[in-house]
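Data block below; observations after.
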Amino acid sequence: MNNHIEKVFRDPVHGYISVNHPIILKLINTKEFQRLRRIKQLGVTSEVFHGAEHSRFEHSLGTYEIARKICDYFSNNFRTQSTNDGLWDNNECLVTLCAALLHDVGHGAYSHTFEHLFNTNHEKITCQIITNPTTEINQVLKQVSLDFPQKVASVINHTYPNKQVIQIISSQIDADRMDYLLRDAYFTGVNYGRFDLNRILESMRPFNNQIVFDISGMHAVEDYVLSRFQMYQQIYFHPTTSSMEIILSKLLQRIKDNFKNNKPIDNSLVKPLEPFLNENWNIKDYLKLDDQLLNSCFNLMTNDNDPIIADLADRFINRKPFKSVIYNDKSINNLDKLKKQIQKVGYDINFYTDTNDTFDYPYSQDNEITFINKDHSTVKLSKLSKLITAIINQKVGEKRFFFPKELLSNDDLFKQEKNLFNTYIKNGHILES
Ligand code: NI
């Protein structure tokens with residue numbers, strides 16, 4: 001009986017993505033997966049790099065495609081011959097592909113900001129969507145076996161017994177990161193995030209129950225790590241993106257405060273948020289939210305009776321980012337003086353100023369990328385590359401203070417403040433006191 005199916009998706013990063021397993025195709029067609037089309041991969045980054053409108057749907061398909069290439073390559077070249085030879089077990093392909101496809105299915109609208117305010121967690125929700133019997137995804141996975149949803153979830157929460165499978169989905173060089181770097185670079189229109197994906201895939205090896213890289217692929221891997229380092233500096237930590245995230249977070253905070261204090265809120269506007277404001281939400285409530293729905297709410301809020309909600313919504317919808325300056329531990333005194341001045345002009349500093357100190361490590365010494373020599377000895381990337389030695393454990397990010405841009409304008413209202421700002425701010429930094 002020929003039950004061969006093949007569906008091909010045209011993809012700007014990978015060319016074609018071919019799906020030839022009926023379970024994968026059914027998963028793509030579930031409503032929980034289709035929802036990812038309505039969630040932008042990079043949230044408010046498109047306010048800075050306008051091309052970055054790509055969705056979590058295509059990133060998830062792309063992650064699947066890279067995982068599929070790895071599984072095919074391992075199956076053809078490194079298939080296990082005897083137990084404990086540390087090579088690739090072909091029975092792991094389907095669980096790997098499902099985990100790759102579904103790894104971000106719990107992401108919500110503006111996840112990072114939303115999580116912070118409403119105590120949701122996209123990784124936990126991903127596992128819940130997979131294991132909760134009410135979801136279409138769970139029903140499809142159960143067609144494989146009754147314990148299959150749990151298996152897929154355990155890859156995502158890192159408890160799956162086969163470490164090779166976990167490493168393909170989540171490690172310093174995995175299908176997820178390789179797809180989002182290439183995709184984010186493509187859609188933001190920058191050149192930093194590019195690297196030789198095929199070269200990297202061909203140097204991957206299953207070895208001693210982990211995944212290592214052939215020494216000949218060292219430069220391609222080094223280039224990938226540097227790409228990631230540059231993407232962090234240029235795209236992921238862009239100050240204007242942080243500024244738009246802060247406006248969004250302040251807007252949600254104000255909605256939350258008003259709700260708590262029983263101040264009148266137009267119910268139709270906050271209806272989708274109500275379960276979260278009441279701190280009593282379920283998966284169904286969560287899956288209803290997407291970027292469009294939240295944006296429509298914010299758009300209508302520009303006419304809200306509360307001037308702070310109306311103004312913050314206007315700043316968010318019509319892209320009026322806060323200005324930001326860099327500060328350090330020695331400029332805290334001047335930062336406090338600036339805040340007081342901002343309050344004096346009539347701004348509520350709880351909603352119109354903020355500090356941000358997000359840092360991350362583009363490459364850390366935990367679980368370093370490992371290479372294998374011809375004699376089967378292994379060596380870590382930082383021992384091979386001087387460039388990597390220079391950036392290993394390097395934090396990327398900076399401390400910034402955010403405030404309304406108009407404070408720097410020439411309007412009469414702000415003239416005095418402008419002078420004051422000039423005494424404390426030089427070249428985008430708050431002066432040390
Ligand atoms: Ni991802």
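To be explicit about the labels: the chains of the structure tokens are called A, B, and onward in the order shown, and within each one the residues are counted from 1, while ligands get numbers from 1 in the order they are shown.
Shell of segment 365-372 of chain A at 6 Å, with only C-alpha atoms counted and residues fewer than 4 places along the chain excluded, is Val212, Phe213, Asp214, Ile215, His376, Ser377, Thr378, Val379, Lys380 and Leu381 of chain A.
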Residues from the last selection, all heavy atoms, saved as a PDB file, in the first residue's frame:
```
ATOM      1  N   VAL A 212      28.719  16.121  18.492  1.00  0.00           N
ATOM      2  CA  VAL A 212      29.976  16.847  18.347  1.00  0.00           C
ATOM      3  C   VAL A 212      30.115  17.277  16.887  1.00  0.00           C
ATOM      4  O   VAL A 212      29.272  16.941  16.048  1.00  0.00           O
ATOM      5  CB  VAL A 212      31.179  15.967  18.759  1.00  0.00           C
ATOM      6  CG1 VAL A 212      31.091  15.568  20.229  1.00  0.00           C
ATOM      7  CG2 VAL A 212      31.271  14.728  17.870  1.00  0.00           C
ATOM      8  N   PHE A 213      31.191  18.020  16.591  1.00  0.00           N
ATOM      9  CA  PHE A 213      31.410  18.516  15.227  1.00  0.00           C
ATOM     10  C   PHE A 213      32.770  18.073  14.737  1.00  0.00           C
ATOM     11  O   PHE A 213      33.745  18.098  15.498  1.00  0.00           O
ATOM     12  CB  PHE A 213      31.295  20.047  15.208  1.00  0.00           C
ATOM     13  CG  PHE A 213      29.905  20.503  15.538  1.00  0.00           C
ATOM     14  CD1 PHE A 213      29.467  20.560  16.861  1.00  0.00           C
ATOM     15  CD2 PHE A 213      29.001  20.823  14.531  1.00  0.00           C
ATOM     16  CE1 PHE A 213      28.176  20.936  17.178  1.00  0.00           C
ATOM     17  CE2 PHE A 213      27.703  21.205  14.831  1.00  0.00           C
ATOM     18  CZ  PHE A 213      27.285  21.258  16.163  1.00  0.00           C
ATOM     19  N   ASP A 214      32.815  17.672  13.473  1.00  0.00           N
ATOM     20  CA  ASP A 214      34.097  17.300  12.894  1.00  0.00           C
ATOM     21  C   ASP A 214      34.994  18.536  12.882  1.00  0.00           C
ATOM     22  O   ASP A 214      34.541  19.641  12.574  1.00  0.00           O
ATOM     23  CB  ASP A 214      33.891  16.774  11.476  1.00  0.00           C
ATOM     24  CG  ASP A 214      35.165  16.157  10.943  1.00  0.00           C
ATOM     25  OD1 ASP A 214      36.026  16.903  10.419  1.00  0.00           O
ATOM     26  OD2 ASP A 214      35.314  14.926  11.076  1.00  0.00           O
ATOM     27  N   ILE A 215      36.267  18.309  13.197  1.00  0.00           N
ATOM     28  CA  ILE A 215      37.216  19.421  13.337  1.00  0.00           C
ATOM     29  C   ILE A 215      37.267  20.273  12.055  1.00  0.00           C
ATOM     30  O   ILE A 215      37.506  21.476  12.105  1.00  0.00           O
ATOM     31  CB  ILE A 215      38.618  18.855  13.718  1.00  0.00           C
ATOM     32  CG1 ILE A 215      39.540  19.943  14.232  1.00  0.00           C
ATOM     33  CG2 ILE A 215      39.266  18.124  12.571  1.00  0.00           C
ATOM     34  CD1 ILE A 215      39.352  20.248  15.681  1.00  0.00           C
ATOM     35  N   HIS A 376      39.585  10.556  17.265  1.00  0.00           N
ATOM     36  CA  HIS A 376      38.436  10.470  18.165  1.00  0.00           C
ATOM     37  C   HIS A 376      38.639  11.163  19.505  1.00  0.00           C
ATOM     38  O   HIS A 376      37.830  10.984  20.414  1.00  0.00           O
ATOM     39  CB  HIS A 376      37.990   9.010  18.388  1.00  0.00           C
ATOM     40  CG  HIS A 376      37.230   8.481  17.211  1.00  0.00           C
ATOM     41  ND1 HIS A 376      36.530   7.307  17.230  1.00  0.00           N
ATOM     42  CD2 HIS A 376      37.048   9.002  15.970  1.00  0.00           C
ATOM     43  CE1 HIS A 376      35.973   7.111  16.037  1.00  0.00           C
ATOM     44  NE2 HIS A 376      36.275   8.121  15.273  1.00  0.00           N
ATOM     45  N   SER A 377      39.710  11.928  19.657  1.00  0.00           N
ATOM     46  CA  SER A 377      39.810  12.759  20.866  1.00  0.00           C
ATOM     47  C   SER A 377      38.940  13.988  20.647  1.00  0.00           C
ATOM     48  O   SER A 377      38.673  14.375  19.506  1.00  0.00           O
ATOM     49  CB  SER A 377      41.268  13.171  21.108  1.00  0.00           C
ATOM     50  OG  SER A 377      41.735  13.936  20.009  1.00  0.00           O
ATOM     51  N   THR A 378      38.469  14.605  21.744  1.00  0.00           N
ATOM     52  CA  THR A 378      37.586  15.755  21.588  1.00  0.00           C
ATOM     53  C   THR A 378      38.220  17.015  22.161  1.00  0.00           C
ATOM     54  O   THR A 378      39.100  16.944  23.033  1.00  0.00           O
ATOM     55  CB  THR A 378      36.227  15.523  22.304  1.00  0.00           C
ATOM     56  OG1 THR A 378      36.474  15.280  23.688  1.00  0.00           O
ATOM     57  CG2 THR A 378      35.468  14.378  21.690  1.00  0.00           C
ATOM     58  N   VAL A 379      37.787  18.166  21.653  1.00  0.00           N
ATOM     59  CA  VAL A 379      38.339  19.443  22.088  1.00  0.00           C
ATOM     60  C   VAL A 379      37.239  20.508  22.018  1.00  0.00           C
ATOM     61  O   VAL A 379      36.384  20.478  21.140  1.00  0.00           O
ATOM     62  CB  VAL A 379      39.587  19.815  21.231  1.00  0.00           C
ATOM     63  CG1 VAL A 379      39.271  19.812  19.743  1.00  0.00           C
ATOM     64  CG2 VAL A 379      40.160  21.176  21.640  1.00  0.00           C
ATOM     65  N   LYS A 380      37.253  21.425  23.002  1.00  0.00           N
ATOM     66  CA  LYS A 380      36.225  22.475  23.065  1.00  0.00           C
ATOM     67  C   LYS A 380      36.547  23.616  22.098  1.00  0.00           C
ATOM     68  O   LYS A 380      37.716  23.912  21.855  1.00  0.00           O
ATOM     69  CB  LYS A 380      36.148  23.056  24.491  1.00  0.00           C
ATOM     70  CG  LYS A 380      36.006  22.026  25.570  1.00  0.00           C
ATOM     71  CD  LYS A 380      34.560  21.770  25.892  1.00  0.00           C
ATOM     72  CE  LYS A 380      34.399  20.813  27.052  1.00  0.00           C
ATOM     73  NZ  LYS A 380      33.507  19.692  26.721  1.00  0.00           N
ATOM     74  N   LEU A 381      35.494  24.302  21.642  1.00  0.00           N
ATOM     75  CA  LEU A 381      35.657  25.388  20.674  1.00  0.00           C
ATOM     76  C   LEU A 381      36.601  26.487  21.179  1.00  0.00           C
ATOM     77  O   LEU A 381      37.453  26.973  20.432  1.00  0.00           O
ATOM     78  CB  LEU A 381      34.286  25.996  20.328  1.00  0.00           C
ATOM     79  CG  LEU A 381      34.285  27.197  19.384  1.00  0.00           C
ATOM     80  CD1 LEU A 381      34.925  26.859  18.039  1.00  0.00           C
ATOM     81  CD2 LEU A 381      32.859  27.709  19.161  1.00  0.00           C
TER      82      LEU A 381
END
```
Fill in: Residues within 12 Å of Val155 of chain A, only C-alpha atoms, excluding chain neighbours under 2 positions, as a ChimeraX atom specification
/A:92,94-103,123,126-127,130,148-153,157-171
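With only C-alpha atoms and all ligand atoms counted, the chains near ligand 1 contribute these residues within 8 Å: A:Arg56, A:His59, A:Ser60, A:Thr63, A:His103, A:Asp104, A:Asp176, A:Arg177, A:Asp179, A:Tyr180.
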Could those selected residues go to a file with N, CA, C and O atoms, as a PDB file, in the first residue's frame?
```pdb
ATOM      1  N   ARG A  56       6.163  33.283  14.173  1.00  0.00           N
ATOM      2  CA  ARG A  56       6.659  32.080  14.844  1.00  0.00           C
ATOM      3  C   ARG A  56       6.298  30.827  14.057  1.00  0.00           C
ATOM      4  O   ARG A  56       6.919  29.780  14.224  1.00  0.00           O
ATOM      5  N   HIS A  59       9.250  30.252  11.640  1.00  0.00           N
ATOM      6  CA  HIS A  59      10.444  29.849  12.403  1.00  0.00           C
ATOM      7  C   HIS A  59      10.289  28.402  12.880  1.00  0.00           C
ATOM      8  O   HIS A  59      11.245  27.617  12.862  1.00  0.00           O
ATOM      9  N   SER A  60       9.081  28.026  13.288  1.00  0.00           N
ATOM     10  CA  SER A  60       8.857  26.658  13.763  1.00  0.00           C
ATOM     11  C   SER A  60       9.025  25.656  12.624  1.00  0.00           C
ATOM     12  O   SER A  60       9.646  24.605  12.797  1.00  0.00           O
ATOM     13  N   THR A  63      12.750  25.388  11.946  1.00  0.00           N
ATOM     14  CA  THR A  63      13.441  24.581  12.961  1.00  0.00           C
ATOM     15  C   THR A  63      13.218  23.103  12.675  1.00  0.00           C
ATOM     16  O   THR A  63      14.131  22.282  12.748  1.00  0.00           O
ATOM     17  N   HIS A 103       8.464  23.356  19.425  1.00  0.00           N
ATOM     18  CA  HIS A 103       9.241  23.899  20.555  1.00  0.00           C
ATOM     19  C   HIS A 103       8.781  25.291  21.010  1.00  0.00           C
ATOM     20  O   HIS A 103       9.008  25.673  22.148  1.00  0.00           O
ATOM     21  N   ASP A 104       8.137  26.060  20.117  1.00  0.00           N
ATOM     22  CA  ASP A 104       7.718  27.432  20.472  1.00  0.00           C
ATOM     23  C   ASP A 104       6.201  27.581  20.506  1.00  0.00           C
ATOM     24  O   ASP A 104       5.698  28.704  20.520  1.00  0.00           O
ATOM     25  N   ASP A 176      16.941  25.212  16.508  1.00  0.00           N
ATOM     26  CA  ASP A 176      16.203  26.431  16.858  1.00  0.00           C
ATOM     27  C   ASP A 176      17.059  27.674  16.606  1.00  0.00           C
ATOM     28  O   ASP A 176      16.685  28.571  15.850  1.00  0.00           O
ATOM     29  N   ARG A 177      18.232  27.718  17.224  1.00  0.00           N
ATOM     30  CA  ARG A 177      19.094  28.905  17.084  1.00  0.00           C
ATOM     31  C   ARG A 177      19.548  29.111  15.650  1.00  0.00           C
ATOM     32  O   ARG A 177      19.610  30.243  15.170  1.00  0.00           O
ATOM     33  N   ASP A 179      18.044  28.283  12.927  1.00  0.00           N
ATOM     34  CA  ASP A 179      16.969  28.845  12.110  1.00  0.00           C
ATOM     35  C   ASP A 179      16.707  30.305  12.458  1.00  0.00           C
ATOM     36  O   ASP A 179      16.606  31.143  11.575  1.00  0.00           O
ATOM     37  N   TYR A 180      16.600  30.633  13.741  1.00  0.00           N
ATOM     38  CA  TYR A 180      16.215  32.026  14.014  1.00  0.00           C
ATOM     39  C   TYR A 180      17.301  33.031  13.660  1.00  0.00           C
ATOM     40  O   TYR A 180      16.998  34.142  13.255  1.00  0.00           O
TER      41      TYR A 180
END
```
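The environment of Tyr236 of chain A within 10 Å, counting only C-alpha atoms and disregarding residues fewer than 6 places along the same chain, consists of Leu42, Thr45, Asp184, Arg228, Phe229, Gln230, Ser242, Val396 and Gly397 of chain A.
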Discussion item. Based on the backbone DSSP call, show me all residues of segment 324-391 of chain A assigned strand (DSSP E or B), as a PyMOL selection string.
Written reply: chain A and resi 324-326+354-356+360+370-372+378-380
Practice prompt. Within segment 187-261 of chain A, find each residue whose DSSP state, derived from the backbone, is alpha helix (DSSP H), and express the selection as a ChimeraX atom specification.
Written response: /A:187-188,197-203,218-231,239-260
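Neighbours of Ser331 of chain A closer than or equal to 9 Å, with only C-alpha atoms counted and sequence neighbours fewer than 4 positions away skipped, come out as Tyr327, Leu335, Asp336, His429, Ile430, Leu431, Glu432 and Ser433 of chain A.
Reported to one decimal place, the separation of atom CA of Met231 of chain A from atom CA of Ala185 of chain A is 7.8 Å.
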Discussion item. Under the rule that only C-alpha atoms are counted, which of A:Phe359, A:Phe9, A:Tyr424, A:Tyr352 is the nearest residue to Glu65 of chain A?
Written reply: A:Phe9
Worksheet entry | Closest of A:Val13, A:Leu36, A:Val345, A:Ile391 to Pro362 of chain A - atom-to-atom distances counting only C-alpha atoms | A:Ile391
Discussion item. So that I can check the surroundings of segment 291-298 of chain A, please list as a PyMOL selection string every protein, DNA and RNA residue that reaches within 6 Å of it, counting only C-alpha atoms and ignoring chain neighbours fewer than 5 positions away.
Written reply: chain A and resi 39+109+269+313
Practice prompt. Measure the distance from atom CA of Lys288 of chain A to atom CA of Ile23 of chain A in Å and round it to one decimal.
Written response: 24.2 Å
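The interatomic distance for the pair atom CA of Asn91 of chain A and atom CA of Lys124 of chain A works out to 26.0 Å.
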Worksheet item: What lies within 10 Å of Gly428 of chain A using only C-alpha atoms, ignoring chain neighbours under 4 positions off, as JSON, numbers by chain?
Response: {"A": [323, 324, 325, 326, 327, 400]}
Worksheet item: What lies within 10 Å of segment 135-140 of chain A using only C-alpha atoms, ignoring chain neighbours under 6 positions off, as a ChimeraX atom specification?
Response: /A:22-33,102,105,128-129,146,148-150,283-284
